[in-house]
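What follows is the content of entry.cif, which has mmCIF, C-alpha atoms (C1' of nucleotides):
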```cif
data_work
loop_
_atom_site.label_atom_id
_atom_site.label_comp_id
_atom_site.auth_asym_id
_atom_site.auth_seq_id
_atom_site.Cartn_x
_atom_site.Cartn_y
_atom_site.Cartn_z
CA MET A 888 87.14 83.30 112.37
CA HIS A 889 83.84 82.09 113.78
CA SER A 890 81.95 84.11 116.34
CA LYS A 891 82.87 82.11 119.41
CA ALA A 892 86.57 82.36 118.70
CA ARG A 893 86.14 86.06 118.11
CA ARG A 894 84.42 86.56 121.41
CA ASP A 895 87.20 84.67 123.11
CA ARG A 896 89.78 86.84 121.48
CA VAL A 897 88.00 90.00 122.55
CA ARG A 898 87.86 88.66 126.11
CA GLU A 899 91.51 87.85 125.98
CA PHE A 900 92.17 91.39 124.87
CA GLU A 901 90.08 92.86 127.66
CA GLU A 902 91.97 90.75 130.13
CA LEU A 903 95.30 91.93 128.72
CA CYS A 904 94.17 95.54 128.91
CA ARG A 905 93.23 95.20 132.53
CA ARG A 906 96.51 93.55 133.35
CA GLN A 907 98.49 96.24 131.59
CA GLY A 908 96.39 99.15 132.79
CA LEU A 909 95.20 100.07 129.32
CA PRO A 910 91.77 101.68 129.20
CA LEU A 911 89.15 99.71 127.34
CA THR A 912 87.54 101.91 124.74
CA VAL A 913 84.77 101.33 122.25
CA GLN A 914 87.20 102.09 119.46
CA ARG A 915 89.61 99.41 120.57
CA ARG A 916 86.94 96.79 120.85
CA THR A 917 85.32 97.70 117.55
CA ILE A 918 88.56 97.81 115.63
CA LEU A 919 89.66 94.50 117.08
CA GLU A 920 86.35 92.97 116.08
CA ALA A 921 86.77 94.34 112.58
CA VAL A 922 90.14 92.66 112.19
CA LEU A 923 88.90 89.41 113.65
CA ALA A 924 85.96 89.41 111.27
CA ARG A 925 88.17 89.26 108.23
CA GLU A 926 89.83 86.32 106.65
CA ASP A 927 92.25 88.30 104.54
CA HIS A 928 95.01 90.73 105.44
CA PRO A 929 93.41 94.15 105.53
CA THR A 930 95.37 97.37 105.45
CA ALA A 931 94.77 100.10 108.01
CA GLU A 932 92.71 101.90 105.39
CA GLN A 933 90.46 98.90 104.87
CA ILE A 934 89.89 98.57 108.57
CA PHE A 935 89.14 102.26 108.71
CA ASN A 936 86.46 101.82 106.07
CA ALA A 937 85.09 98.78 107.81
CA VAL A 938 84.57 100.54 111.13
CA ARG A 939 83.30 103.89 109.85
CA GLY A 940 79.79 102.58 109.76
CA ARG A 941 79.73 101.30 113.29
CA LEU A 942 81.82 104.05 114.84
CA ALA A 943 80.49 107.32 113.55
CA GLY A 944 83.31 109.82 113.41
CA VAL A 945 86.27 107.56 114.00
CA SER A 946 89.48 109.12 113.03
CA ARG A 947 91.90 107.50 110.66
CA THR A 948 94.57 108.37 113.19
CA THR A 949 92.79 106.35 115.82
CA VAL A 950 92.61 103.36 113.57
CA TYR A 951 96.35 103.45 113.02
CA ARG A 952 97.01 103.97 116.67
CA VAL A 953 94.68 101.23 117.82
CA LEU A 954 96.01 98.74 115.30
CA ASP A 955 99.44 99.42 116.66
CA THR A 956 98.23 98.94 120.20
CA LEU A 957 96.52 95.68 119.33
CA PHE A 958 99.69 94.48 117.72
CA ARG A 959 101.87 95.45 120.67
CA VAL A 960 99.51 93.78 123.08
CA GLY A 961 99.63 90.72 120.89
CA VAL A 962 96.01 90.11 119.90
CA ILE A 963 96.60 90.74 116.23
CA ASN A 964 99.51 90.30 113.94
CA ARG A 965 101.15 92.72 111.58
CA ILE A 966 102.81 91.34 108.56
CA CYS A 967 105.30 92.56 106.13
CA HIS A 968 107.58 94.34 108.50
CA PRO A 969 106.09 97.56 109.84
CA GLY A 970 106.37 100.93 108.20
CA ALA A 971 109.31 99.91 106.13
CA ALA A 972 110.44 101.29 102.88
CA ALA A 973 111.25 98.70 100.28
CA ARG A 974 114.79 97.44 100.70
CA PHE A 975 117.09 96.18 98.03
CA ASP A 976 119.62 93.48 98.11
CA ALA A 977 122.35 92.39 95.79
CA LYS A 978 121.85 88.81 96.84
CA VAL A 979 119.55 87.09 94.45
CA HIS A 980 120.42 83.57 95.46
CA GLN A 981 118.32 81.99 98.13
CA HIS A 982 118.95 83.28 101.60
CA HIS A 983 116.99 84.12 104.70
CA HIS A 984 116.46 87.05 107.00
CA LEU A 985 116.76 87.96 110.61
CA VAL A 986 114.43 90.85 111.37
CA CYS A 987 114.65 92.80 114.59
CA LEU A 988 111.20 93.65 115.87
CA HIS A 989 112.56 96.56 117.87
CA CYS A 990 114.65 98.52 115.41
CA ASP A 991 113.63 97.03 112.03
CA LYS A 992 117.17 95.99 111.29
CA ILE A 993 117.41 93.24 108.71
CA LEU A 994 120.33 90.85 108.57
CA ASP A 995 121.00 88.22 106.00
CA LEU A 996 121.18 84.70 107.12
CA GLU A 997 123.09 82.56 104.74
CA ASN A 998 123.00 78.96 105.57
CA ALA A 999 122.93 76.26 102.98
CA LYS A 1000 121.17 73.98 105.40
CA LEU A 1001 118.13 76.23 105.27
CA ASN A 1002 118.07 76.34 101.50
CA ASP A 1003 117.28 72.79 100.77
CA LEU A 1004 114.94 71.82 103.51
CA ALA A 1005 112.87 68.77 102.80
CA LEU A 1006 109.65 70.68 103.22
CA PRO A 1007 106.56 68.68 103.85
CA VAL A 1008 103.96 68.27 101.19
CA ILE A 1009 101.67 71.21 101.30
CA ASP A 1010 98.63 72.48 99.52
CA THR A 1011 99.66 75.77 97.95
CA ALA A 1012 96.15 76.84 97.02
CA GLY A 1013 96.98 76.85 93.35
CA PHE A 1014 100.03 79.06 93.71
CA ASP A 1015 102.95 78.35 91.49
CA ILE A 1016 105.85 78.62 93.92
CA ASP A 1017 109.12 80.11 92.75
CA GLU A 1018 110.97 80.25 96.00
CA TYR A 1019 110.75 80.35 99.72
CA HIS A 1020 112.62 82.19 102.35
CA ILE A 1021 112.44 82.10 106.06
CA HIS A 1022 111.94 85.17 108.22
CA PHE A 1023 113.26 84.83 111.70
CA ARG A 1024 111.87 87.55 113.90
CA GLY A 1025 113.32 88.49 117.23
CA THR A 1026 115.61 90.93 118.92
CA CYS A 1027 119.00 91.97 117.64
CA PRO A 1028 122.07 92.10 119.89
CA ASP A 1029 122.00 95.91 120.10
CA CYS A 1030 118.40 96.01 121.21
CA LEU A 1031 119.00 93.15 123.62
CA ARG A 1032 121.69 95.23 125.24
CA LYS A 1033 119.48 98.29 125.42
CA LEU A 1034 116.65 96.28 126.92
CA LYS A 1035 118.92 94.74 129.47
CA ARG A 1036 120.19 98.14 130.50
CA SER A 1037 116.73 99.63 130.88
CA THR A 1038 114.95 96.77 132.61
CA GLY A 1039 117.82 95.12 134.38
CA GLN A 1040 116.85 91.75 133.02
CA GLY A 1041 115.63 92.00 129.47
CA ARG A 1042 112.33 90.62 128.32
CA THR A 1043 110.39 88.49 130.69
CA LYS A 1044 107.68 85.91 130.40
CA SER A 1045 109.49 84.41 127.49
CA ALA A 1046 109.04 80.72 127.08
CA LYS A 1047 110.95 80.51 123.85
CA ARG A 1048 113.58 78.02 123.06
CA LYS A 1049 116.31 79.64 121.11
CA VAL A 1050 118.11 78.17 118.19
CA SER A 1051 121.13 77.02 120.05
CA LYS A 1052 124.60 76.67 118.72
CA THR A 1053 124.88 73.02 119.57
CA GLY A 1054 122.53 70.27 118.65
CA THR A 1055 119.46 70.45 116.47
CA SER A 1056 116.84 72.68 117.89
CA ARG A 1057 113.43 73.86 116.95
CA VAL A 1058 112.38 77.43 116.84
CA ARG A 1059 109.23 78.11 118.79
CA LEU A 1060 106.84 80.97 119.00
CA SER A 1061 107.50 83.04 122.04
CA GLU A 1062 104.81 83.54 124.63
CA ASP A 1063 105.78 87.15 124.92
CA ARG A 1064 104.38 88.95 121.96
CA ARG A 1065 104.59 92.51 123.15
CA ARG A 1066 106.47 94.78 120.82
CA LYS A 1067 108.25 98.06 121.38
CA PRO A 1068 108.44 97.49 125.13
CA MET B 1355 130.57 91.49 97.34
CA HIS B 1356 134.11 91.53 96.02
CA SER B 1357 134.98 93.35 92.86
CA LYS B 1358 135.21 90.34 90.58
CA ALA B 1359 131.77 89.13 91.54
CA ARG B 1360 130.47 92.62 91.01
CA ARG B 1361 131.93 92.84 87.57
CA ASP B 1362 130.39 89.50 86.73
CA ARG B 1363 127.04 90.67 87.92
CA VAL B 1364 127.25 93.81 85.82
CA ARG B 1365 128.15 91.69 82.80
CA GLU B 1366 125.25 89.42 83.49
CA PHE B 1367 123.02 92.46 83.61
CA GLU B 1368 124.36 93.80 80.33
CA GLU B 1369 123.75 90.46 78.75
CA LEU B 1370 120.19 90.40 80.06
CA CYS B 1371 119.56 93.88 78.73
CA ARG B 1372 120.74 92.96 75.30
CA ARG B 1373 118.60 89.87 75.29
CA GLN B 1374 115.54 91.78 76.37
CA GLY B 1375 116.15 94.81 74.22
CA LEU B 1376 116.64 97.16 77.16
CA PRO B 1377 118.97 100.07 76.50
CA LEU B 1378 122.11 100.13 78.60
CA THR B 1379 122.42 103.47 80.30
CA VAL B 1380 125.01 104.96 82.59
CA GLN B 1381 122.38 105.30 85.28
CA ARG B 1382 121.47 101.65 85.19
CA ARG B 1383 125.05 100.54 85.41
CA THR B 1384 125.92 102.98 88.18
CA ILE B 1385 122.89 102.21 90.28
CA LEU B 1386 123.47 98.50 89.92
CA GLU B 1387 127.06 98.95 91.01
CA ALA B 1388 125.90 100.95 94.00
CA VAL B 1389 123.63 98.15 95.16
CA LEU B 1390 126.28 95.53 94.56
CA ALA B 1391 128.79 97.53 96.57
CA ARG B 1392 126.72 97.30 99.73
CA GLU B 1393 126.49 94.53 102.22
CA ASP B 1394 123.33 95.76 103.92
CA HIS B 1395 119.83 96.32 102.62
CA PRO B 1396 119.71 99.90 101.42
CA THR B 1397 116.51 101.77 100.76
CA ALA B 1398 115.93 103.61 97.51
CA GLU B 1399 116.83 106.82 99.29
CA GLN B 1400 120.16 105.43 100.44
CA ILE B 1401 121.01 104.32 96.93
CA PHE B 1402 120.02 107.74 95.68
CA ASN B 1403 122.47 109.34 98.08
CA ALA B 1404 125.15 106.85 97.16
CA VAL B 1405 124.97 107.61 93.44
CA ARG B 1406 124.54 111.38 93.59
CA GLY B 1407 128.27 111.85 93.74
CA ARG B 1408 129.06 109.74 90.74
CA LEU B 1409 126.04 110.69 88.67
CA ALA B 1410 125.69 114.44 88.86
CA GLY B 1411 122.06 115.37 88.52
CA VAL B 1412 120.45 111.95 88.86
CA SER B 1413 116.84 112.15 89.63
CA ARG B 1414 115.30 110.40 92.58
CA THR B 1415 112.65 109.19 90.18
CA THR B 1416 115.27 107.52 88.06
CA VAL B 1417 116.67 105.71 91.05
CA TYR B 1418 113.28 104.28 91.88
CA ARG B 1419 112.64 103.39 88.29
CA VAL B 1420 116.00 101.76 87.76
CA LEU B 1421 115.82 99.79 91.00
CA ASP B 1422 112.52 98.44 89.83
CA THR B 1423 113.99 97.55 86.46
CA LEU B 1424 116.94 95.80 88.06
CA PHE B 1425 114.58 93.84 90.21
CA ARG B 1426 112.35 92.84 87.32
CA VAL B 1427 115.33 91.76 85.30
CA GLY B 1428 116.49 89.76 88.27
CA VAL B 1429 119.95 91.13 89.06
CA ILE B 1430 118.94 92.47 92.44
CA ASN B 1431 116.44 91.47 95.02
CA ARG B 1432 113.74 93.49 96.72
CA ILE B 1433 112.69 92.46 100.14
CA CYS B 1434 109.73 93.09 102.26
CA HIS B 1435 107.06 93.07 99.63
CA PRO B 1436 107.11 96.11 97.38
CA GLY B 1437 105.31 99.34 98.05
CA ALA B 1438 102.98 97.71 100.46
CA ALA B 1439 101.09 99.16 103.29
CA ALA B 1440 101.34 97.26 106.53
CA ARG B 1441 98.81 94.48 106.66
CA PHE B 1442 97.10 93.12 109.70
CA ASP B 1443 96.06 89.66 110.56
CA ALA B 1444 93.89 88.19 113.23
CA LYS B 1445 96.03 85.09 113.29
CA VAL B 1446 98.64 85.35 115.95
CA HIS B 1447 99.54 81.71 116.01
CA GLN B 1448 102.32 80.59 113.77
CA HIS B 1449 101.46 80.39 110.14
CA HIS B 1450 103.07 81.07 106.81
CA HIS B 1451 102.42 83.12 103.73
CA LEU B 1452 102.00 82.72 100.04
CA VAL B 1453 102.86 85.97 98.30
CA CYS B 1454 102.00 86.61 94.69
CA LEU B 1455 104.80 88.49 92.97
CA HIS B 1456 102.44 89.77 90.33
CA CYS B 1457 99.54 91.23 92.27
CA ASP B 1458 100.89 91.38 95.84
CA LYS B 1459 98.13 89.16 97.09
CA ILE B 1460 98.97 87.44 100.36
CA LEU B 1461 97.39 84.16 101.38
CA ASP B 1462 97.79 82.39 104.66
CA LEU B 1463 99.27 78.99 104.62
CA GLU B 1464 98.33 77.02 107.64
CA ASN B 1465 100.07 73.78 107.88
CA ALA B 1466 101.14 72.26 111.13
CA LYS B 1467 103.90 70.44 109.36
CA LEU B 1468 105.59 73.73 108.63
CA ASN B 1469 105.34 74.96 112.19
CA ASP B 1470 107.58 72.55 113.87
CA LEU B 1471 110.29 71.94 111.39
CA ALA B 1472 113.44 70.49 112.80
CA LEU B 1473 115.50 73.39 111.60
CA PRO B 1474 119.20 72.88 111.34
CA VAL B 1475 121.53 74.45 113.80
CA ILE B 1476 122.27 77.95 112.70
CA ASP B 1477 124.28 80.90 113.82
CA THR B 1478 121.78 83.67 114.45
CA ALA B 1479 124.36 86.42 114.78
CA GLY B 1480 123.36 87.12 118.34
CA PHE B 1481 119.69 87.55 117.57
CA ASP B 1482 117.24 86.29 120.11
CA ILE B 1483 114.71 84.55 117.90
CA ASP B 1484 111.04 84.70 118.81
CA GLU B 1485 109.56 83.05 115.80
CA TYR B 1486 109.98 82.14 112.20
CA HIS B 1487 107.69 82.08 109.30
CA ILE B 1488 108.15 81.01 105.77
CA HIS B 1489 107.37 83.20 102.79
CA PHE B 1490 106.58 81.32 99.65
CA ARG B 1491 106.76 83.59 96.67
CA GLY B 1492 105.28 82.79 93.33
CA THR B 1493 102.26 83.35 91.17
CA CYS B 1494 98.68 83.10 92.32
CA PRO B 1495 96.02 81.22 90.38
CA ASP B 1496 94.41 84.42 89.06
CA CYS B 1497 97.67 85.77 87.72
CA LEU B 1498 98.55 82.38 86.28
CA ARG B 1499 95.32 82.50 84.33
CA LYS B 1500 95.95 86.03 83.13
CA LEU B 1501 99.47 85.14 82.09
CA LYS B 1502 98.30 82.10 80.24
CA ARG B 1503 95.73 84.14 78.37
CA SER B 1504 98.15 86.82 77.35
CA THR B 1505 101.14 84.69 76.38
CA GLY B 1506 99.41 81.52 75.39
CA GLN B 1507 101.66 79.51 77.63
CA GLY B 1508 102.45 81.31 80.81
CA ARG B 1509 105.93 81.90 82.03
CA THR B 1510 108.74 80.29 80.21
CA LYS B 1511 112.31 79.39 80.96
CA SER B 1512 111.20 78.15 84.31
CA ALA B 1513 113.18 75.30 85.73
CA LYS B 1514 111.40 75.22 89.04
CA ARG B 1515 110.06 72.16 90.68
CA LYS B 1516 106.79 72.91 92.30
CA VAL B 1517 105.64 71.76 95.67
CA SER B 1518 103.58 68.89 94.44
CA LYS B 1519 100.56 67.40 96.07
CA THR B 1520 102.02 63.97 96.36
CA GLY B 1521 105.28 62.96 97.89
CA THR B 1522 107.75 65.12 99.73
CA SER B 1523 109.22 67.72 97.49
CA ARG B 1524 111.68 70.50 97.80
CA VAL B 1525 111.05 74.03 96.76
CA ARG B 1526 113.69 75.42 94.50
CA LEU B 1527 114.56 78.85 93.35
CA SER B 1528 113.24 79.45 89.91
CA GLU B 1529 115.58 80.27 87.07
CA ASP B 1530 113.10 82.79 85.82
CA ARG B 1531 113.27 85.79 88.06
CA ARG B 1532 111.50 88.34 85.92
CA ARG B 1533 108.68 90.14 87.66
CA LYS B 1534 105.64 91.95 86.34
CA PRO B 1535 105.99 90.40 82.92
"C1'" DC C 1223 77.16 109.43 142.03
"C1'" DT C 1224 80.77 112.93 141.40
"C1'" DG C 1225 85.10 114.57 140.38
"C1'" DC C 1226 89.86 113.97 139.10
"C1'" DC C 1227 93.74 112.42 136.28
"C1'" DG C 1228 96.11 110.43 132.89
"C1'" DA C 1229 95.51 108.24 128.86
"C1'" DA C 1230 92.80 107.96 124.37
"C1'" DT C 1231 90.58 110.25 120.69
"C1'" DG C 1232 89.71 113.50 116.60
"C1'" DG C 1233 91.22 116.49 113.42
"C1'" DT C 1234 94.59 118.86 111.08
"C1'" DA C 1235 99.04 119.37 109.43
"C1'" DA C 1236 103.27 117.41 108.27
"C1'" DT C 1237 106.32 113.79 106.65
"C1'" DA C 1238 108.25 109.79 104.09
"C1'" DG C 1239 108.14 106.93 100.32
"C1'" DT C 1240 106.69 106.34 95.92
"C1'" DT C 1241 104.45 107.12 91.46
"C1'" DA C 1242 102.39 109.89 87.44
"C1'" DC C 1243 103.18 112.89 83.96
"C1'" DC C 1244 105.44 115.17 80.42
"C1'" DG C 1245 108.91 117.51 77.83
"C1'" DT C 1246 113.65 116.48 76.63
"C1'" DC C 1247 117.51 113.51 75.73
"C1'" DC C 1248 120.04 109.42 74.52
"C1'" DG C 1249 121.21 104.40 73.05
"C1'" DG C 1250 120.76 101.33 69.39
"C1'" DT C 1251 119.99 100.56 64.68
"C1'" DG C 1252 119.52 101.36 59.69
"C1'" DC D 514 124.25 110.56 60.63
"C1'" DA D 515 119.32 110.50 61.29
"C1'" DC D 516 115.53 108.37 63.37
"C1'" DC D 517 112.71 106.26 66.94
"C1'" DG D 518 111.29 104.38 71.08
"C1'" DG D 519 112.48 104.05 75.39
"C1'" DA D 520 114.97 106.42 79.40
"C1'" DC D 521 115.77 110.45 82.03
"C1'" DG D 522 114.91 114.72 84.94
"C1'" DG D 523 111.92 117.53 87.40
"C1'" DT D 524 107.81 118.65 89.41
"C1'" DA D 525 103.45 117.58 91.11
"C1'" DA D 526 100.57 114.39 93.08
"C1'" DC D 527 99.43 110.55 95.85
"C1'" DT D 528 99.42 107.06 99.58
"C1'" DA D 529 100.54 105.50 104.01
"C1'" DT D 530 101.76 107.05 108.25
"C1'" DT D 531 102.94 110.06 112.17
"C1'" DA D 532 103.15 114.43 115.09
"C1'" DC D 533 100.77 117.62 117.57
"C1'" DC D 534 97.37 119.43 120.45
"C1'" DA D 535 92.92 120.56 122.20
"C1'" DT D 536 89.08 117.84 123.78
"C1'" DT D 537 86.93 113.84 125.71
"C1'" DC D 538 86.59 109.57 128.13
"C1'" DG D 539 87.59 105.32 131.18
"C1'" DG D 540 88.82 103.92 135.70
"C1'" DC D 541 89.09 104.85 140.30
"C1'" DA D 542 89.01 107.50 144.96
"C1'" DG D 543 85.95 109.76 147.70
#
```
Starting from the file, give its structure as structure tokens.
Amino acid sequence: MHSKARRDRVREFEELCRRQGLPLTVQRRTILEAVLAREDHPTAEQIFNAVRGRLAGVSRTTVYRVLDTLFRVGVINRICHPGAAARFDAKVHQHHHLVCLHCDKILDLENAKLNDLALPVIDTAGFDIDEYHIHFRGTCPDCLRKLKRSTGQGRTKSAKRKVSKTGTSRVRLSEDRRRKP
Amino acid sequence: MHSKARRDRVREFEELCRRQGLPLTVQRRTILEAVLAREDHPTAEQIFNAVRGRLAGVSRTTVYRVLDTLFRVGVINRICHPGAAARFDAKVHQHHHLVCLHCDKILDLENAKLNDLALPVIDTAGFDIDEYHIHFRGTCPDCLRKLKRSTGQGRTKSAKRKVSKTGTSRVRLSEDRRRKP
DNA sequence: CTGCCGAATGGTAATAGTTACCGTCCGGTG
DNA sequence: CACCGGACGGTAACTATTACCATTCGGCAG
């Protein structure tokens, strides 16, 4: 990410902190910058090593905590389904997954229509592709219920369009990227 | 999975073992059956607990080892990218991933065409979907090179059709599901 | 500018998941 | 039935992550 975009992202983060009453700390800013500066998908450990130089005496704990905060606030992304142990599955044929961002539940989604999508032509960067599967991320019914009970109205600020049960629909990114609310 | 399908899968596994010169052990059979018997996505620990009763004195280590073997042979699936630490990503907009099954490398795949697919109508089991992203799994260029060097011809028995650079193509599941060859 | 308060940090200890290692045992074959 | 290489069992070690708690800091009222 080039420097202007990075600055914008840091600003965006500062704005979000103010709105949510989160203190702005050097650690948070530095760690965010470290993630933004990379083009790959660093682990917490790699970020820790990257910031040691600029933040004398940072704690590994802080790095983990801040990365989690950044993710919950929505300025960075976390991939590969947080803190999970490997899971095994008897299904080896192509199928897809519904992942709950609140409780880490994983459900299978078996739908032949998803298996043979006419995917657009893409540049796979030299990868030899064996298969694809689609991860749908969202909130499971149980967590929806819990959220509704505790907030009276569930998640707000959501501009998503759900996959409806009638008519073809498109799945969109939600505006609300806060996790573990 | 119903019992007939399970028996078939066990047979298939036995056949694969014979072909690949892998000894057939009680542990392998029992652990495979335990995975096949479940409808969810058990962790190694859960499988361990499930087989303790029927395999007095199984070692946790064996469970991990056998699960890995079953996965490499291709009779079970492993989801959520093996043994990985959580990875972070500055990209919060929608994008997709190329995952190398050999070295766990993850590359971003940014392609607007993939972001707004007219996905078919699906039953999401009550999930409130925020987003989707597509995981393409395969072999990265580096590993392809290494494989070519070591075998003289790379992976065999593959009936896959790659995502080509010209014309719309469909990604298919490969016939060859062996990992870490 | 000063002080207060609650939240953030640092450091250590603990935990979960997984792997390495090594001596022993077993499946497959002659 | 004996042999051999690979599989197993058990423990120790390792990696990634979290809990806990005393200390410090950011944001705000005075």
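As for atom CA of Ala1391 of chain B and atom CA of Cys1371 of chain B, they are spaced 20.4 Å apart.
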Per residue of chain A within 10 Å of chain C, which atom pair is closest and at what distance in Å (one decimal), using all atoms listed in the file, listed by chain and increasing number, as a Markdown table?
```
| residue | atom | partner | partner_atom | distance |
| --- | --- | --- | --- | --- |
| A:Gly908 | CA | C:DA1229 | C1' | 9.9 |
| A:Leu909 | CA | C:DA1229 | C1' | 8.2 |
| A:Pro910 | CA | C:DA1229 | C1' | 7.6 |
| A:Leu911 | CA | C:DA1230 | C1' | 9.5 |
| A:Thr912 | CA | C:DA1230 | C1' | 8.0 |
| A:Gln914 | CA | C:DT1231 | C1' | 8.9 |
| A:Arg915 | CA | C:DA1230 | C1' | 9.9 |
| A:Gly944 | CA | C:DG1232 | C1' | 8.0 |
| A:Val945 | CA | C:DG1232 | C1' | 7.3 |
| A:Ser946 | CA | C:DG1232 | C1' | 5.7 |
| A:Arg947 | CA | C:DG1232 | C1' | 8.7 |
| A:Thr948 | CA | C:DG1232 | C1' | 7.8 |
| A:Thr949 | CA | C:DT1231 | C1' | 6.6 |
| A:Arg952 | CA | C:DA1230 | C1' | 9.6 |
| A:Val953 | CA | C:DA1230 | C1' | 9.6 |
| A:Gly970 | CA | C:DA1238 | C1' | 9.9 |
| A:Ala971 | CA | C:DG1239 | C1' | 9.2 |
| A:Ala972 | CA | C:DG1239 | C1' | 6.6 |
| A:Ala973 | CA | C:DG1239 | C1' | 8.8 |
```
Write to file, as a compact mmCIF listing (two decimals), in the coordinates of the input, the residues of the selection just made, with C-alpha atoms.
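What follows is the written file out13.txt:
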```txt
# COMPACT_ATOMS: atom_id res chain seq x y z
CA GLY A 908 96.39 99.15 132.79
CA LEU A 909 95.20 100.07 129.32
CA PRO A 910 91.77 101.68 129.20
CA LEU A 911 89.15 99.71 127.34
CA THR A 912 87.54 101.91 124.74
CA GLN A 914 87.20 102.09 119.46
CA ARG A 915 89.61 99.41 120.57
CA GLY A 944 83.31 109.82 113.41
CA VAL A 945 86.27 107.56 114.00
CA SER A 946 89.48 109.12 113.03
CA ARG A 947 91.90 107.50 110.66
CA THR A 948 94.57 108.37 113.19
CA THR A 949 92.79 106.35 115.82
CA ARG A 952 97.01 103.97 116.67
CA VAL A 953 94.68 101.23 117.82
CA GLY A 970 106.37 100.93 108.20
CA ALA A 971 109.31 99.91 106.13
CA ALA A 972 110.44 101.29 102.88
CA ALA A 973 111.25 98.70 100.28
```
(message) Give me the residues near Lys891 of chain A as a PyMOL selection string, where near means some atom within 12 Å (using only C-alpha atoms (C1' of nucleotides)) and where sequence neighbours in that chain fewer than 4 positions away do not count.
(response) chain A and resi 895-898+920+923-924
I would like the residues chosen by the PyMOL selection byres ((chain A and resi 1023) around 12) on the shown file; could you give them as a short mmCIF file (atom, residue, chain, number, x, y, z; two decimals) with C-alpha atoms, keeping the file's coordinate frame?
```cif
data_model
loop_
_atom_site.label_atom_id
_atom_site.label_comp_id
_atom_site.auth_asym_id
_atom_site.auth_seq_id
_atom_site.Cartn_x
_atom_site.Cartn_y
_atom_site.Cartn_z
CA HIS A 968 107.58 94.34 108.50
CA HIS A 982 118.95 83.28 101.60
CA HIS A 983 116.99 84.12 104.70
CA HIS A 984 116.46 87.05 107.00
CA LEU A 985 116.76 87.96 110.61
CA VAL A 986 114.43 90.85 111.37
CA CYS A 987 114.65 92.80 114.59
CA LEU A 988 111.20 93.65 115.87
CA LYS A 992 117.17 95.99 111.29
CA ILE A 993 117.41 93.24 108.71
CA LEU A 994 120.33 90.85 108.57
CA ASP A 995 121.00 88.22 106.00
CA LEU A 996 121.18 84.70 107.12
CA LEU A 1001 118.13 76.23 105.27
CA HIS A 1020 112.62 82.19 102.35
CA ILE A 1021 112.44 82.10 106.06
CA HIS A 1022 111.94 85.17 108.22
CA ARG A 1024 111.87 87.55 113.90
CA GLY A 1025 113.32 88.49 117.23
CA THR A 1026 115.61 90.93 118.92
CA CYS A 1027 119.00 91.97 117.64
CA LYS A 1049 116.31 79.64 121.11
CA VAL A 1050 118.11 78.17 118.19
CA VAL A 1058 112.38 77.43 116.84
CA ARG A 1059 109.23 78.11 118.79
CA LEU A 1060 106.84 80.97 119.00
CA SER A 1061 107.50 83.04 122.04
CA GLN B 1448 102.32 80.59 113.77
CA HIS B 1450 103.07 81.07 106.81
CA LEU B 1473 115.50 73.39 111.60
CA ILE B 1476 122.27 77.95 112.70
CA ASP B 1477 124.28 80.90 113.82
CA THR B 1478 121.78 83.67 114.45
CA ALA B 1479 124.36 86.42 114.78
CA PHE B 1481 119.69 87.55 117.57
CA ASP B 1482 117.24 86.29 120.11
CA ILE B 1483 114.71 84.55 117.90
CA ASP B 1484 111.04 84.70 118.81
CA GLU B 1485 109.56 83.05 115.80
CA TYR B 1486 109.98 82.14 112.20
CA HIS B 1487 107.69 82.08 109.30
CA ILE B 1488 108.15 81.01 105.77
CA HIS B 1489 107.37 83.20 102.79
#
```
(request) Have a look at A:Leu903, A:Val938, A:Val913, A:Ala921 and name the one nearest to chain B; count all atoms listed in the file. (result)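 Once distances to chain B are computed over all atoms listed in the file, the minimum belongs to A:Ala921.
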Test item: the PyMOL selection byres ((chain D) within 10 of (chain B)) resolved as an mmCIF file with C-alpha atoms (C1' of nucleotides), keeping the file's coordinate frame:
```
data_model
loop_
_atom_site.group_PDB
_atom_site.id
_atom_site.type_symbol
_atom_site.label_atom_id
_atom_site.label_comp_id
_atom_site.auth_asym_id
_atom_site.auth_seq_id
_atom_site.Cartn_x
_atom_site.Cartn_y
_atom_site.Cartn_z
ATOM 1 C "C1'" DG D 519 112.480 104.050 75.390
ATOM 2 C "C1'" DA D 520 114.970 106.420 79.400
ATOM 3 C "C1'" DC D 521 115.770 110.450 82.030
ATOM 4 C "C1'" DG D 522 114.910 114.720 84.940
ATOM 5 C "C1'" DG D 523 111.920 117.530 87.400
ATOM 6 C "C1'" DT D 528 99.420 107.060 99.580
ATOM 7 C "C1'" DA D 529 100.540 105.500 104.010
ATOM 8 C "C1'" DT D 530 101.760 107.050 108.250
#
```
(request) Calculate how many Å separate atom CA of Phe1367 of chain B from atom CA of Asn1431 of chain B, rounding to one decimal. (result)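 Taking atom CA of Phe1367 of chain B and atom CA of Asn1431 of chain B, their separation equals 13.2 Å.
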(request) Return the single residue from A:Asn936, A:Thr930, A:Thr917, A:Thr956 that is closest to chain B, with distances computed using only C-alpha atoms. (result)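 Looking only at the distances to chain B, the closest residue turns out to be A:Thr930.
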What are the centre and the three edge lengths of an axis-aligned box that wraps all atoms of segment 1236-1243 of chain C in the file, given that 6 Å is added to every side, written as lines of an AutoDock Vina configuration file and rounded to one decimal in Å?
```
center_x = 105.3
center_y = 111.9
center_z = 96.1
size_x = 17.9
size_y = 23.1
size_z = 36.3
```
(message) One decimal, in Å: what's the spacing between atom CA of Glu1366 of chain B and atom CA of Asp1422 of chain B?
(response)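 About the pair atom CA of Glu1366 of chain B and atom CA of Asp1422 of chain B: they are 16.8 Å apart.
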